[in-house]
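Reviewing the structure listed below.
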Amino acid sequence: MSFADWAYAGYILWLCAGLADFTLHWREDLAHTSGWSESRLHLLQLALIGSGVMLWLYLQPSWPVLLLQGLLVVGHAGVGYRDTQIAYPLRRIGPLEQHVHSVLDMAPWFALVALAGIAVASADGWGGRVALRKPWPDAGVQLRTLLPAAVLVALPALVEARAAWHARAG
């Protein structure tokens, strides 16, 4: 298997960990415990890390893009810390959920280190300008990247947020 194959397998496993996390939230009735206060932070984390994936997919690798991805990873970690502060006193966070969080928390850092390693090892070197990726990712690459993220993470996040919002209002 190539590095790209391993990276993609890791990406899919990371998305599956996201689905597992939302399943555990549902089981612990997040909508009626920590509710909207926690769920909106999940949406923010998804937006931060999703932006990093979109930058990787559509922008030419460069040092400024890597720096921006680093800032998104740091932001994701900070929001994750706040998420735990809100959830901990209001609902049960069992051992399985804690371990799932370990995967969700560490995967962005591993991806960032891998991208930095690729940048350092790159024979042509990464430039200092931000530009659209050339060649543009083909439809298959876009589909294999975005569809699993939408189904495994974005859709469950929206279902959770909707339930938490309605529980808040009702």
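Just remember, in the structure tokens the first chain shown is A, the second B, etc., residues are 1-based per chain, and ligands are 1-based in the order shown.
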Could you give me, as an NGL selection string, the residues within 9 Å of Val153 in chain A, counting only C-alpha atoms and dropping anything in the same chain fewer than 5 positions from it?
:A and (15-19 or 22 or 46 or 148 or 158)
Let me make sure I understand: among A:Leu30, A:Leu57, A:Ala107, A:Ala161, which one has the smallest atom-to-atom distance to Ile93 in chain A if we use only C-alpha atoms?
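The answer is A:Leu30, which sits nearest to Ile93 in chain A.
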Nearby residues (only C-alpha atoms) at most 8 Å from range 39-44 of chain A, same-chain spacing under 6 positions excluded, as number ranges by chain
A: 30-31, 79-80, 83, 157-158, 160-161, 164
One residue among A:Thr33, A:Ala87, A:Leu24, A:Leu115 is nearest to Gln69 in chain A when using only C-alpha atoms, and that residue is A:Leu115
I need the residue nearest Ala4 in chain A from this list: A:Pro156, A:Ala114, A:Arg129, A:Ala139. Use only C-alpha atoms for the distance.
A:Ala114
Determine, counting only C-alpha atoms, which protein, DNA and RNA residues have an atom within 12 Å of an atom of Leu96 in chain A; residues of the same chain fewer than 2 positions away are not included. Present the result as a count of residues only.
17
If you run DSSP on the backbone here, which positions in range 76-161 of chain A get helix (DSSP H, G or I)? Please write them as a PyMOL selection string.
chain A and resi 76-87+95-121+139-161
